[in-house]
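Below: one structure, written as structure tokens.
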Amino acid sequence: MSRVVLVTGVAGSFASMFARRLADLGEDSGIDKVVGIDTMVPARDIGGTKFVRADIRTPVVGKVIAVEDVDTVVHLDVNPPQRGRAGGAKELNVIGTMQLLAACQRSATVAKLVLGSSAAVYGSSPRDPAMFTESLLARNGVRTGFPKDIVEVESYVRGFSRRRPDVMITTIRAAQVLHPKVDSPFANYFSNPVLPTMLGFDPRLQFLALEDALAILVEAVVNDRPGTFNAAGEGVIQLSQAARRLGRPVIPLPPIGFAMAARRFIRAMGSDIPPDLHRLLTYGRAVDTTALREIFGYELTRTTEEVFDDFRTTLRPGVLAVLGGPA
């Protein structure tokens with residue numbers, strides 16, 4: 001049976017690559033057409049994807065689903081604040097999701113929803129377990145910003161699943177994809193010549209390879225993989241290790257006012273990070289991926305350390321590396 005897949009946020013760097021990957025699969029995979037929707041025209045080539053310029057925060061998304069006979073929706077338009085994107089991130093993440101789910105609920109054709117969620121749903125706090133499994137909840141780190149958005153988004157999706165139990169739902173809680181072609185908070189952070197850190201803290205971090213992220217979502221679309229799954233490269237890397245490998249000097253800042261001071265520091269270097277990234281730079285976070293391997297059926301190809309080292313080779317060496325400092 002032919003399938004029509006709708007991908008939201010297709011102007012985003014990752015979503016545009018995913019839409020093209022789906023379109024390139026062809027009809028042999030059972031996918032007849034891929035439709036991409038966004039308020040902005042994609043900067044990257046999206047291949048055979050049909051682009052529709054529309055806002056998921058409006059009822060237009062329901063008309064797109066109806067006109068195109070969409071049966072599978074991949075919601076990737078839930079992101080941290082990004083430079084160059086119109087509208088507030090909060091409104092797009094939360095209101096956009098509500099409108100999209102309302103359209104899916106009214107649709108007679110939608111049979112599958114794949115949510116590109118984030119490990120940020122677990123927050124980041126000193127009370128966190130060593131590894132978050134999918135059954136655990138945030139301890140104390142989702143009061144504001146993107147983590148709060150993603151908690152609300154997943155809550156709306158669970159409500160939708162109760163109203164439409166006939167729709168298969170897959171939720172992928174992914175760690176940040178670290179790749180030069182994907183705009184992410186940590187890619188921007190590590191690209192700075194000097195890295196502001198929290199005095200007295202050395203957080204554990206996890207990253208996901210671009211190819212793994214694309215392959216996991218493709219698998220969720222092409223086959224039936226209901227449930228919620230963490231996705232992150234195996235193992236962790238500490239922030240101090242990352243800085244040494246990059247050859248970047250760190251500037252330890254005091255805990256009081258760290259978020260504002262770090263953001264001002266990075267803006268002075270011509271870059272930016274979301275205001276809520278400071279908690280991750282303080283306490284870190286790690287997730288368990290056993291369910292992804294044993295239930296979803298996907299074997300990750302790159303560890304967190306390998307993902308980081310791949311990314312490191314795409315950056316200019318830091319001043320410490322040039323001067324022959326520790327690497």
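Starting from 1 in every chain, residues are counted up; chains themselves are A, B, ... following the order of the structure tokens, and ligands are numbered from 1 as listed.
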
Within 6 Å of region 74-81 of chain A, counting only C-alpha atoms, which residues qualify if same-chain residues fewer than 2 places away don't, as a list in words?
Val7, Thr8, Gly9, Ala89, Asn93, Leu113, Val114, Leu115, Gly116 and Phe146 of chain A

DSSP alpha helix (DSSP H) selection over region 81-206 of chain A, as an MDAnalysis selection string:
chainID A and resid 89:90 96:106 145:163 185:190

Leaving out Asn192 (chain A) and any residue of its chain fewer than 2 positions from it, which residues lie within 12 Å of it when counting only C-alpha atoms, given as a PyMOL selection string?
chain A and resi 185-190+194-196+243+246-251+262-263+265-273+315-319

Rounded to one decimal in Å, what is the spacing between CA of Thr304 (chain A) and CA of Ala232 (chain A)?
7.2 Å

Thr301 (chain A) surroundings by only C-alpha atoms, 8 Å radius, close-in-sequence under 2 positions cut, as a list in words:
Asp212, Glu299 and Thr303 of chain A

Can you list, as a VMD selection string, all residues belonging to region 230-303 of chain A that DSSP tags as strand (DSSP E)?
chain A and resid 230 to 231 237 to 238 250 to 253

With all heavy atoms retained, could you export that selection as a compact mmCIF listing (two decimals), in the first residue's frame?
```txt
# COMPACT_ATOMS: atom_id res chain seq x y z
N ASN A 230 14.68 6.17 23.86
CA ASN A 230 15.84 7.05 23.94
C ASN A 230 16.78 6.76 22.78
O ASN A 230 16.92 5.61 22.35
CB ASN A 230 16.61 6.84 25.25
CG ASN A 230 15.82 7.25 26.47
OD1 ASN A 230 14.97 8.14 26.40
ND2 ASN A 230 16.09 6.62 27.61
N ALA A 231 17.48 7.80 22.31
CA ALA A 231 18.46 7.62 21.23
C ALA A 231 19.66 8.52 21.51
O ALA A 231 19.54 9.75 21.52
CB ALA A 231 17.85 7.96 19.88
N ILE A 237 30.87 11.69 27.38
CA ILE A 237 32.11 12.46 27.36
C ILE A 237 31.93 13.63 28.30
O ILE A 237 30.87 14.27 28.32
CB ILE A 237 32.47 12.93 25.93
CG1 ILE A 237 33.85 13.61 25.93
CG2 ILE A 237 31.40 13.86 25.36
CD1 ILE A 237 34.40 13.87 24.54
N GLN A 238 32.92 13.88 29.14
CA GLN A 238 32.83 15.00 30.08
C GLN A 238 33.20 16.30 29.36
O GLN A 238 33.99 16.30 28.40
CB GLN A 238 33.75 14.77 31.27
CG GLN A 238 33.28 13.64 32.18
CD GLN A 238 34.20 13.45 33.37
OE1 GLN A 238 35.31 12.95 33.22
NE2 GLN A 238 33.74 13.85 34.55
N VAL A 250 38.98 27.07 28.64
CA VAL A 250 37.70 27.27 29.30
C VAL A 250 37.79 28.46 30.24
O VAL A 250 38.86 28.78 30.76
CB VAL A 250 37.26 26.01 30.07
CG1 VAL A 250 37.10 24.83 29.14
CG2 VAL A 250 38.25 25.68 31.18
N ILE A 251 36.67 29.10 30.42
CA ILE A 251 36.56 30.22 31.35
C ILE A 251 35.56 29.83 32.43
O ILE A 251 34.34 29.90 32.22
CB ILE A 251 36.10 31.50 30.64
CG1 ILE A 251 37.05 31.89 29.52
CG2 ILE A 251 35.97 32.65 31.64
CD1 ILE A 251 38.44 32.25 29.99
N PRO A 252 36.02 29.35 33.60
CA PRO A 252 35.08 28.98 34.66
C PRO A 252 34.38 30.21 35.22
O PRO A 252 35.02 31.19 35.60
CB PRO A 252 35.98 28.33 35.72
CG PRO A 252 37.26 28.01 35.00
CD PRO A 252 37.40 29.07 33.96
N LEU A 253 33.05 30.16 35.22
CA LEU A 253 32.24 31.27 35.73
C LEU A 253 31.53 30.84 37.00
O LEU A 253 31.19 29.67 37.16
CB LEU A 253 31.21 31.70 34.68
CG LEU A 253 31.77 32.17 33.33
CD1 LEU A 253 30.62 32.43 32.35
CD2 LEU A 253 32.62 33.42 33.51
```

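One distance worth recording is that between CA of Cys104 (chain A) and CA of Thr39 (chain A), which is 19.1 Å.
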
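Proximity to Val153 (chain A) was assessed for A:Leu217, A:Ile46, A:Ala286, A:Ile95 counting only C-alpha atoms; the smallest distance is recorded for A:Ile95.
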
With only C-alpha atoms as the basis for distance, which of A:Thr49, A:Ser118, A:Thr313, A:Gln241 is at the shortest distance from Thr228 (chain A)?
A:Ser118

If we count only C-alpha atoms and set the cut-off at 12 Å, which residues sit around Thr282 (chain A), ignoring sequence neighbours fewer than 5 positions away in its own chain? Please answer as an MDAnalysis selection string.
chainID A and resid 123:126 141 196:205 238:240 252:256 258:259 262 276:277

Go ahead and save the residues from that selection, with N, CA, C and O atoms, as a CSV table (one decimal), in the first residue's frame.
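Result went into out.csv, see below:
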```csv
chain,number,residue,atom,x,y,z
A,123,GLY,N,15.1,16.9,31.6
A,123,GLY,CA,15.7,18.0,32.3
A,123,GLY,C,17.2,17.7,32.7
A,123,GLY,O,17.8,16.8,32.1
A,124,SER,N,17.7,18.4,33.6
A,124,SER,CA,19.1,18.3,34.1
A,124,SER,C,19.2,18.9,35.5
A,124,SER,O,18.9,20.1,35.7
A,125,SER,N,19.5,18.0,36.5
A,125,SER,CA,19.5,18.5,37.8
A,125,SER,C,20.5,17.7,38.6
A,125,SER,O,20.9,16.6,38.2
A,126,PRO,N,20.9,18.1,39.8
A,126,PRO,CA,21.8,17.3,40.7
A,126,PRO,C,21.2,16.1,41.2
A,126,PRO,O,21.9,15.2,41.8
A,141,GLY,N,14.3,19.9,36.5
A,141,GLY,CA,15.0,20.7,35.5
A,141,GLY,C,14.2,21.1,34.3
A,141,GLY,O,14.7,21.3,33.2
A,196,PRO,N,32.9,29.0,28.0
A,196,PRO,CA,32.5,29.3,29.3
A,196,PRO,C,31.9,28.0,30.0
A,196,PRO,O,31.1,27.3,29.4
A,197,THR,N,32.4,27.8,31.2
A,197,THR,CA,31.9,26.6,32.0
A,197,THR,C,31.5,27.0,33.4
A,197,THR,O,31.8,28.1,33.8
A,198,MET,N,30.8,26.2,34.1
A,198,MET,CA,30.4,26.4,35.5
A,198,MET,C,31.5,26.0,36.4
A,198,MET,O,32.0,24.9,36.4
A,199,LEU,N,31.9,26.9,37.2
A,199,LEU,CA,33.0,26.7,38.2
A,199,LEU,C,32.6,25.5,39.1
A,199,LEU,O,31.5,25.6,39.8
A,200,GLY,N,33.4,24.5,39.2
A,200,GLY,CA,33.2,23.4,40.1
A,200,GLY,C,32.4,22.2,39.5
A,200,GLY,O,32.1,21.3,40.2
A,201,PHE,N,32.0,22.3,38.2
A,201,PHE,CA,31.2,21.3,37.6
A,201,PHE,C,31.8,20.8,36.4
A,201,PHE,O,32.4,21.5,35.6
A,202,ASP,N,31.6,19.5,36.1
A,202,ASP,CA,32.2,18.9,34.9
A,202,ASP,C,31.1,17.9,34.4
A,202,ASP,O,31.2,16.7,34.6
A,203,PRO,N,30.1,18.4,33.6
A,203,PRO,CA,29.0,17.5,33.3
A,203,PRO,C,29.3,16.4,32.3
A,203,PRO,O,30.2,16.5,31.5
A,204,ARG,N,28.6,15.3,32.4
A,204,ARG,CA,28.6,14.2,31.4
A,204,ARG,C,27.6,14.5,30.3
A,204,ARG,O,26.5,14.9,30.5
A,205,LEU,N,28.1,14.3,29.0
A,205,LEU,CA,27.3,14.7,27.9
A,205,LEU,C,27.2,13.5,26.9
A,205,LEU,O,28.1,12.6,26.9
A,238,GLN,N,32.9,13.9,29.1
A,238,GLN,CA,32.8,15.0,30.1
A,238,GLN,C,33.2,16.3,29.4
A,238,GLN,O,34.0,16.3,28.4
A,239,LEU,N,32.6,17.4,29.8
A,239,LEU,CA,32.9,18.7,29.2
A,239,LEU,C,34.4,19.0,29.2
A,239,LEU,O,34.9,19.6,28.2
A,240,SER,N,35.1,18.7,30.3
A,240,SER,CA,36.5,19.0,30.3
A,240,SER,C,37.3,18.2,29.3
A,240,SER,O,38.2,18.7,28.7
A,252,PRO,N,36.0,29.3,33.6
A,252,PRO,CA,35.1,29.0,34.7
A,252,PRO,C,34.4,30.2,35.2
A,252,PRO,O,35.0,31.2,35.6
A,253,LEU,N,33.0,30.2,35.2
A,253,LEU,CA,32.2,31.3,35.7
A,253,LEU,C,31.5,30.8,37.0
A,253,LEU,O,31.2,29.7,37.2
A,254,PRO,N,31.3,31.8,37.9
A,254,PRO,CA,30.6,31.4,39.2
A,254,PRO,C,29.2,31.0,39.0
A,254,PRO,O,28.5,31.4,38.0
A,255,PRO,N,28.6,30.1,39.8
A,255,PRO,CA,27.3,29.6,39.7
A,255,PRO,C,26.2,30.7,39.6
A,255,PRO,O,25.3,30.7,38.9
A,256,ILE,N,26.4,31.7,40.5
A,256,ILE,CA,25.4,32.8,40.5
A,256,ILE,C,25.5,33.6,39.2
A,256,ILE,O,26.5,34.2,38.9
A,258,PHE,N,25.3,32.4,36.2
A,258,PHE,CA,26.1,31.7,35.2
A,258,PHE,C,25.4,31.8,33.8
A,258,PHE,O,26.0,32.0,32.8
A,259,ALA,N,24.0,31.6,33.8
A,259,ALA,CA,23.3,31.5,32.5
A,259,ALA,C,23.4,32.8,31.8
A,259,ALA,O,23.8,32.8,30.6
A,262,ALA,N,27.3,33.4,30.8
A,262,ALA,CA,27.7,32.6,29.7
A,262,ALA,C,27.2,33.0,28.3
A,262,ALA,O,27.9,33.0,27.3
A,276,ASP,N,18.5,28.1,28.2
A,276,ASP,CA,18.3,26.9,29.1
A,276,ASP,C,19.4,25.9,29.0
A,276,ASP,O,19.5,24.9,29.7
A,277,LEU,N,20.4,26.1,28.1
A,277,LEU,CA,21.5,25.2,28.0
A,277,LEU,C,22.4,25.2,29.2
A,277,LEU,O,23.2,24.2,29.5
```

Give me, as a PyMOL selection string, all polymer residues having an atom no more than 10 Å from region 56-70 of chain A, counting only C-alpha atoms and skipping those fewer than 2 positions away in the same chain.
chain A and resi 3-6+8-9+33-35+37-39+52-54+72-73+77+91-112

Would you save the residues of that selection, restricted to N, CA and C atoms, as a short mmCIF file (atom, residue, chain, number, x, y, z; two decimals), in the first residue's frame?
```cif
data_model
loop_
_atom_site.label_atom_id
_atom_site.label_comp_id
_atom_site.auth_asym_id
_atom_site.auth_seq_id
_atom_site.Cartn_x
_atom_site.Cartn_y
_atom_site.Cartn_z
N ARG A 3 2.13 5.02 0.63
CA ARG A 3 2.11 5.86 1.84
C ARG A 3 2.41 7.30 1.45
N VAL A 4 1.77 8.24 2.15
CA VAL A 4 2.07 9.65 1.99
C VAL A 4 2.52 10.17 3.36
N VAL A 5 3.74 10.70 3.41
CA VAL A 5 4.35 11.12 4.67
C VAL A 5 4.45 12.64 4.71
N LEU A 6 3.98 13.24 5.79
CA LEU A 6 4.13 14.68 6.02
C LEU A 6 5.24 14.91 7.02
N THR A 8 7.07 17.89 9.21
CA THR A 8 6.97 19.28 9.64
C THR A 8 8.36 19.87 9.89
N GLY A 9 8.45 21.21 9.81
CA GLY A 9 9.71 21.90 10.06
C GLY A 9 10.77 21.60 9.03
N LYS A 33 4.80 9.31 -1.57
CA LYS A 33 5.06 10.76 -1.64
C LYS A 33 5.47 11.28 -0.28
N VAL A 34 6.38 12.26 -0.29
CA VAL A 34 6.79 12.96 0.93
C VAL A 34 6.44 14.43 0.77
N VAL A 35 5.72 14.96 1.75
CA VAL A 35 5.31 16.37 1.74
C VAL A 35 6.00 17.07 2.91
N ILE A 37 6.45 20.63 5.14
CA ILE A 37 5.74 21.86 5.46
C ILE A 37 6.57 22.73 6.38
N ASP A 38 6.59 24.03 6.11
CA ASP A 38 7.30 24.99 6.96
C ASP A 38 6.89 26.39 6.54
N THR A 39 7.19 27.36 7.40
CA THR A 39 6.91 28.75 7.05
C THR A 39 8.00 29.35 6.19
N VAL A 52 5.36 22.56 0.87
CA VAL A 52 4.18 23.40 1.05
C VAL A 52 4.53 24.47 2.08
N ARG A 53 4.44 25.70 1.67
CA ARG A 53 4.75 26.80 2.59
C ARG A 53 3.51 27.11 3.42
N ALA A 54 3.53 26.72 4.66
CA ALA A 54 2.38 26.91 5.55
C ALA A 54 2.85 26.86 6.99
N THR A 72 0.90 9.32 7.32
CA THR A 72 1.98 9.29 8.30
C THR A 72 2.49 10.70 8.52
N VAL A 73 2.55 11.13 9.78
CA VAL A 73 3.04 12.47 10.12
C VAL A 73 4.32 12.32 10.94
N ASP A 77 9.19 19.70 13.99
CA ASP A 77 9.21 21.15 14.18
C ASP A 77 9.10 21.50 15.66
N GLU A 91 5.93 29.38 21.09
CA GLU A 91 4.67 29.35 20.36
C GLU A 91 4.71 28.28 19.27
N LEU A 92 5.83 28.20 18.55
CA LEU A 92 5.94 27.22 17.48
C LEU A 92 5.92 25.81 18.03
N ASN A 93 6.67 25.58 19.10
CA ASN A 93 6.75 24.23 19.67
C ASN A 93 5.42 23.75 20.24
N VAL A 94 4.82 24.58 21.06
CA VAL A 94 3.63 24.15 21.80
C VAL A 94 2.35 24.37 21.00
N ILE A 95 2.12 25.60 20.56
CA ILE A 95 0.89 25.89 19.81
C ILE A 95 0.89 25.14 18.49
N GLY A 96 2.06 25.06 17.85
CA GLY A 96 2.16 24.33 16.59
C GLY A 96 1.81 22.87 16.76
N THR A 97 2.30 22.26 17.84
CA THR A 97 1.99 20.86 18.10
C THR A 97 0.50 20.66 18.37
N MET A 98 -0.09 21.55 19.15
CA MET A 98 -1.52 21.44 19.45
C MET A 98 -2.35 21.50 18.18
N GLN A 99 -2.01 22.43 17.29
CA GLN A 99 -2.77 22.58 16.04
C GLN A 99 -2.57 21.36 15.14
N LEU A 100 -1.34 20.86 15.08
CA LEU A 100 -1.05 19.69 14.26
C LEU A 100 -1.83 18.47 14.76
N LEU A 101 -1.82 18.26 16.08
CA LEU A 101 -2.54 17.11 16.64
C LEU A 101 -4.05 17.23 16.44
N ALA A 102 -4.56 18.45 16.52
CA ALA A 102 -5.98 18.66 16.27
C ALA A 102 -6.32 18.28 14.83
N ALA A 103 -5.43 18.62 13.90
CA ALA A 103 -5.64 18.27 12.50
C ALA A 103 -5.57 16.75 12.31
N CYS A 104 -4.63 16.11 12.99
CA CYS A 104 -4.50 14.65 12.89
C CYS A 104 -5.72 13.96 13.48
N GLN A 105 -6.26 14.52 14.57
CA GLN A 105 -7.43 13.92 15.21
C GLN A 105 -8.64 13.95 14.29
N ARG A 106 -8.77 15.03 13.52
CA ARG A 106 -9.92 15.15 12.61
C ARG A 106 -9.74 14.33 11.34
N SER A 107 -8.51 13.96 11.03
CA SER A 107 -8.23 13.27 9.78
C SER A 107 -8.71 11.81 9.80
N ALA A 108 -9.25 11.38 8.67
CA ALA A 108 -9.67 9.98 8.53
C ALA A 108 -8.57 9.12 7.92
N THR A 109 -7.46 9.78 7.52
CA THR A 109 -6.40 9.03 6.84
C THR A 109 -5.15 8.81 7.69
N VAL A 110 -4.89 9.69 8.65
CA VAL A 110 -3.67 9.59 9.45
C VAL A 110 -3.72 8.33 10.31
N ALA A 111 -2.69 7.48 10.15
CA ALA A 111 -2.63 6.21 10.89
C ALA A 111 -1.36 6.07 11.71
N LYS A 112 -0.40 6.98 11.50
CA LYS A 112 0.87 6.89 12.23
C LYS A 112 1.40 8.29 12.50
#
```
